[in-house]
Amino acid sequence: MVNTHWGNVEENNHFGTHEFMALCELLGAEPYISGNVGSGTVREMSDWVEYLTREGDSPMVRLRKAHGRDEPWRVRFWGLGNEAWGCGGHMTAGQYAHEARRFGTYCRDHGENKLYRIAAGANSDDYAWTETLMKQLGDLGCAYRPQPFYQALSLHYYTIPGTWQDKGDATVFDTGDYYRTLVQAARIDELITR
């Protein structure tokens with residue numbers, strides 16, 4: 001596919017799902033997979049969950065086995081999209097909350113693998129976005145059977161020593177740039193608290 005958001009470069013899948021999972025295993029890291037809520041489909045994400053985590057037999061299990069992996073992986077953390085307020089769909093909080101519910105409904109637990117679905121949180125200090133999603137967490141599904149469409153929200157806050165127009169260099173910086181970045185990074189405490 002062509003990644004139109006990041007330089008129109010071709011994404012050839014040379015580093016795909018199996019390579020990512022192998023890297024996580026080598027590092028001893030727990031994987032976090034983020035589905036494409038903006039231009040993807042509920043079925044694509046549901047199939048991906050099944051492909052990675054289901055035991056037994058199913059079309060996705062057979063495909064995983066055909067690709068060389070017999071046993072499922074354990075993948076708890078699933079992002080229901082990313083940056084839905086921006087390049088992940090340019091949605092309003094209400095639109096995204098609706099999509100997160102749809103996608104979360106079909107991201108199913110398989111066997112011992114219990115999913116922890118994470119909704120795409122606000123851009124920085126957009127507290128209205130956060131409030132909209134938090135309200136969805138409190139009262140989901142029927143009164144007698146609440147639905148856990150998602151269990152958490154991610155927070156998006158980027159720290160740079162300058163501005164978005166003049167971010168500075170990632171590898172060449174002085175002590176002042178370093179300390180400006182640390183001061184900005186500390187603001188995450190405020191965002192979490194509020």
# chains A, B, ... in the order shown; residues from 1 in each chain; ligands from 1
>>> residues_around(residues="Lys135 in chain A", least_positions_apart="6", cutoff="12 Å", atoms="only C-alpha atoms", output="PyMOL selection string")
chain A and resi 93-94+97+128-129+150+152-153
>>> write_last_selection(atoms="C-alpha atoms", output="PDB file, in the first residue's frame")
ATOM      1  CA  ALA A  93     -15.241  12.875  19.477  1.00  0.00           C
ATOM      2  CA  GLY A  94     -18.825  11.698  18.982  1.00  0.00           C
ATOM      3  CA  ALA A  97     -16.871   7.148  20.121  1.00  0.00           C
ATOM      4  CA  ALA A 128     -13.966  17.693  25.610  1.00  0.00           C
ATOM      5  CA  TRP A 129     -12.752  14.702  23.534  1.00  0.00           C
ATOM      6  CA  TYR A 150     -13.090  -0.468  25.518  1.00  0.00           C
ATOM      7  CA  ALA A 152      -8.907   2.514  28.515  1.00  0.00           C
ATOM      8  CA  LEU A 153      -7.973   5.681  26.645  1.00  0.00           C
TER       9      LEU A 153
END
>>> residues_around(residues="range 103-113 of chain A", least_positions_apart="6", cutoff="12 Å", atoms="only C-alpha atoms", output="NGL selection string")
:A and (33-38 or 40-58 or 61 or 72-81 or 96-97 or 119-120 or 137 or 140-141 or 146-152)
>>> write_last_selection(atoms="C-alpha atoms", output="mmCIF file, in the first residue's frame")
data_model
loop_
_atom_site.group_PDB
_atom_site.id
_atom_site.type_symbol
_atom_site.label_atom_id
_atom_site.label_comp_id
_atom_site.auth_asym_id
_atom_site.auth_seq_id
_atom_site.Cartn_x
_atom_site.Cartn_y
_atom_site.Cartn_z
ATOM 1 C CA ILE A 33 -1.472 -3.561 18.102
ATOM 2 C CA SER A 34 -3.470 -0.632 16.754
ATOM 3 C CA GLY A 35 -6.230 -1.309 14.246
ATOM 4 C CA ASN A 36 -7.119 1.047 11.428
ATOM 5 C CA VAL A 37 -10.426 2.620 12.446
ATOM 6 C CA GLY A 38 -10.084 5.529 10.001
ATOM 7 C CA GLY A 40 -10.109 0.085 7.699
ATOM 8 C CA THR A 41 -13.087 -2.105 8.445
ATOM 9 C CA VAL A 42 -14.436 -3.790 11.543
ATOM 10 C CA ARG A 43 -13.951 -7.132 9.836
ATOM 11 C CA GLU A 44 -10.263 -6.432 9.083
ATOM 12 C CA MET A 45 -9.578 -5.727 12.732
ATOM 13 C CA SER A 46 -11.675 -8.648 13.958
ATOM 14 C CA ASP A 47 -9.802 -10.961 11.564
ATOM 15 C CA TRP A 48 -6.454 -9.598 12.778
ATOM 16 C CA VAL A 49 -7.385 -10.330 16.411
ATOM 17 C CA GLU A 50 -8.456 -13.842 15.415
ATOM 18 C CA TYR A 51 -5.341 -14.373 13.266
ATOM 19 C CA LEU A 52 -3.042 -13.527 16.155
ATOM 20 C CA THR A 53 -4.854 -14.952 19.169
ATOM 21 C CA ARG A 54 -7.247 -17.773 18.280
ATOM 22 C CA GLU A 55 -6.491 -21.443 18.917
ATOM 23 C CA GLY A 56 -8.194 -24.392 17.235
ATOM 24 C CA ASP A 57 -9.473 -24.048 13.704
ATOM 25 C CA SER A 58 -10.880 -21.144 11.718
ATOM 26 C CA VAL A 61 -6.005 -19.776 12.195
ATOM 27 C CA PRO A 72 -1.324 -18.203 18.630
ATOM 28 C CA TRP A 73 0.404 -15.260 20.237
ATOM 29 C CA ARG A 74 -0.775 -13.619 23.411
ATOM 30 C CA VAL A 75 -1.744 -10.051 22.541
ATOM 31 C CA ARG A 76 -3.634 -8.195 25.249
ATOM 32 C CA PHE A 77 -3.319 -4.559 24.183
ATOM 33 C CA TRP A 78 -5.371 -3.467 21.150
ATOM 34 C CA GLY A 79 -5.689 0.136 20.069
ATOM 35 C CA LEU A 80 -9.031 0.993 18.507
ATOM 36 C CA GLY A 81 -7.457 3.302 15.970
ATOM 37 C CA TYR A 96 -15.034 8.367 16.992
ATOM 38 C CA ALA A 97 -16.871 7.148 20.121
ATOM 39 C CA ALA A 119 -9.686 3.946 22.622
ATOM 40 C CA ALA A 120 -7.717 6.671 20.850
ATOM 41 C CA LEU A 137 -16.976 3.989 29.393
ATOM 42 C CA LEU A 140 -22.397 0.878 27.840
ATOM 43 C CA GLY A 141 -24.790 -1.759 26.628
ATOM 44 C CA PRO A 146 -23.008 -3.822 30.213
ATOM 45 C CA GLN A 147 -20.634 -4.141 27.260
ATOM 46 C CA PRO A 148 -16.883 -3.579 27.634
ATOM 47 C CA PHE A 149 -16.347 -1.936 24.241
ATOM 48 C CA TYR A 150 -13.090 -0.468 25.518
ATOM 49 C CA GLN A 151 -11.281 -0.433 28.821
ATOM 50 C CA ALA A 152 -8.907 2.514 28.515
#
>>> select_by_dssp(residues="range 6-177 of chain A", states="helix (DSSP H, G or I)", output="NGL selection string")
:A and (17-27 or 42-53 or 59-66 or 93-106 or 127-138 or 175-177)
>>> select_by_dssp(residues="range 57-101 of chain A", states="strand (DSSP E)", output="list of chain:residue names")
A:Phe77, A:Trp78, A:Gly79, A:Leu80
>>> closest_residue(among="A:Ser39, A:Met1, A:Gly28, A:Asp189", to="Glu99 in chain A", atoms="only C-alpha atoms")
A:Ser39
>>> closest_residue(among="A:Glu83, A:Asp174, A:Glu30, A:Glu19", to="Gly68 in chain A", atoms="only C-alpha atoms")
A:Glu19
>>> atom_distance(atom1="CA of Tyr178 in chain A", atom2="CA of Gly162 in chain A")
10.7 Å
>>> residues_around(residues="Ile192 in chain A", least_positions_apart="6", cutoff="12 Å", atoms="only C-alpha atoms", output="PyMOL selection string")
chain A and resi 121-122+124-127+130+153-157+186
>>> decode(residues="range 93-105 of chain A", atoms="N, CA and C atoms", output="tab-separated table (two decimals), in the first residue's frame")
chain	number	residue	atom	x	y	z
A	93	ALA	N	-15.24	13.82	18.36
A	93	ALA	CA	-15.24	12.88	19.48
A	93	ALA	C	-16.46	11.96	19.41
A	94	GLY	N	-17.61	12.51	19.08
A	94	GLY	CA	-18.82	11.70	18.98
A	94	GLY	C	-18.74	10.66	17.88
A	95	GLN	N	-18.23	11.07	16.72
A	95	GLN	CA	-18.07	10.12	15.62
A	95	GLN	C	-17.13	9.00	16.02
A	96	TYR	N	-16.01	9.38	16.61
A	96	TYR	CA	-15.03	8.37	16.99
A	96	TYR	C	-15.59	7.43	18.07
A	97	ALA	N	-16.30	7.99	19.06
A	97	ALA	CA	-16.87	7.15	20.12
A	97	ALA	C	-17.77	6.07	19.51
A	98	HIS	N	-18.56	6.46	18.50
A	98	HIS	CA	-19.42	5.50	17.81
A	98	HIS	C	-18.58	4.42	17.14
A	99	GLU	N	-17.52	4.82	16.44
A	99	GLU	CA	-16.66	3.85	15.75
A	99	GLU	C	-15.94	2.95	16.75
A	100	ALA	N	-15.46	3.52	17.86
A	100	ALA	CA	-14.76	2.71	18.86
A	100	ALA	C	-15.69	1.64	19.43
A	101	ARG	N	-16.96	1.99	19.62
A	101	ARG	CA	-17.93	0.99	20.09
A	101	ARG	C	-18.10	-0.12	19.06
A	102	ARG	N	-18.23	0.25	17.78
A	102	ARG	CA	-18.40	-0.75	16.72
A	102	ARG	C	-17.19	-1.68	16.66
A	103	PHE	N	-16.00	-1.08	16.59
A	103	PHE	CA	-14.79	-1.89	16.46
A	103	PHE	C	-14.58	-2.74	17.72
A	104	GLY	N	-14.77	-2.13	18.89
A	104	GLY	CA	-14.58	-2.86	20.15
A	104	GLY	C	-15.52	-4.04	20.30
A	105	THR	N	-16.72	-3.93	19.74
A	105	THR	CA	-17.71	-5.01	19.81
A	105	THR	C	-17.19	-6.28	19.15
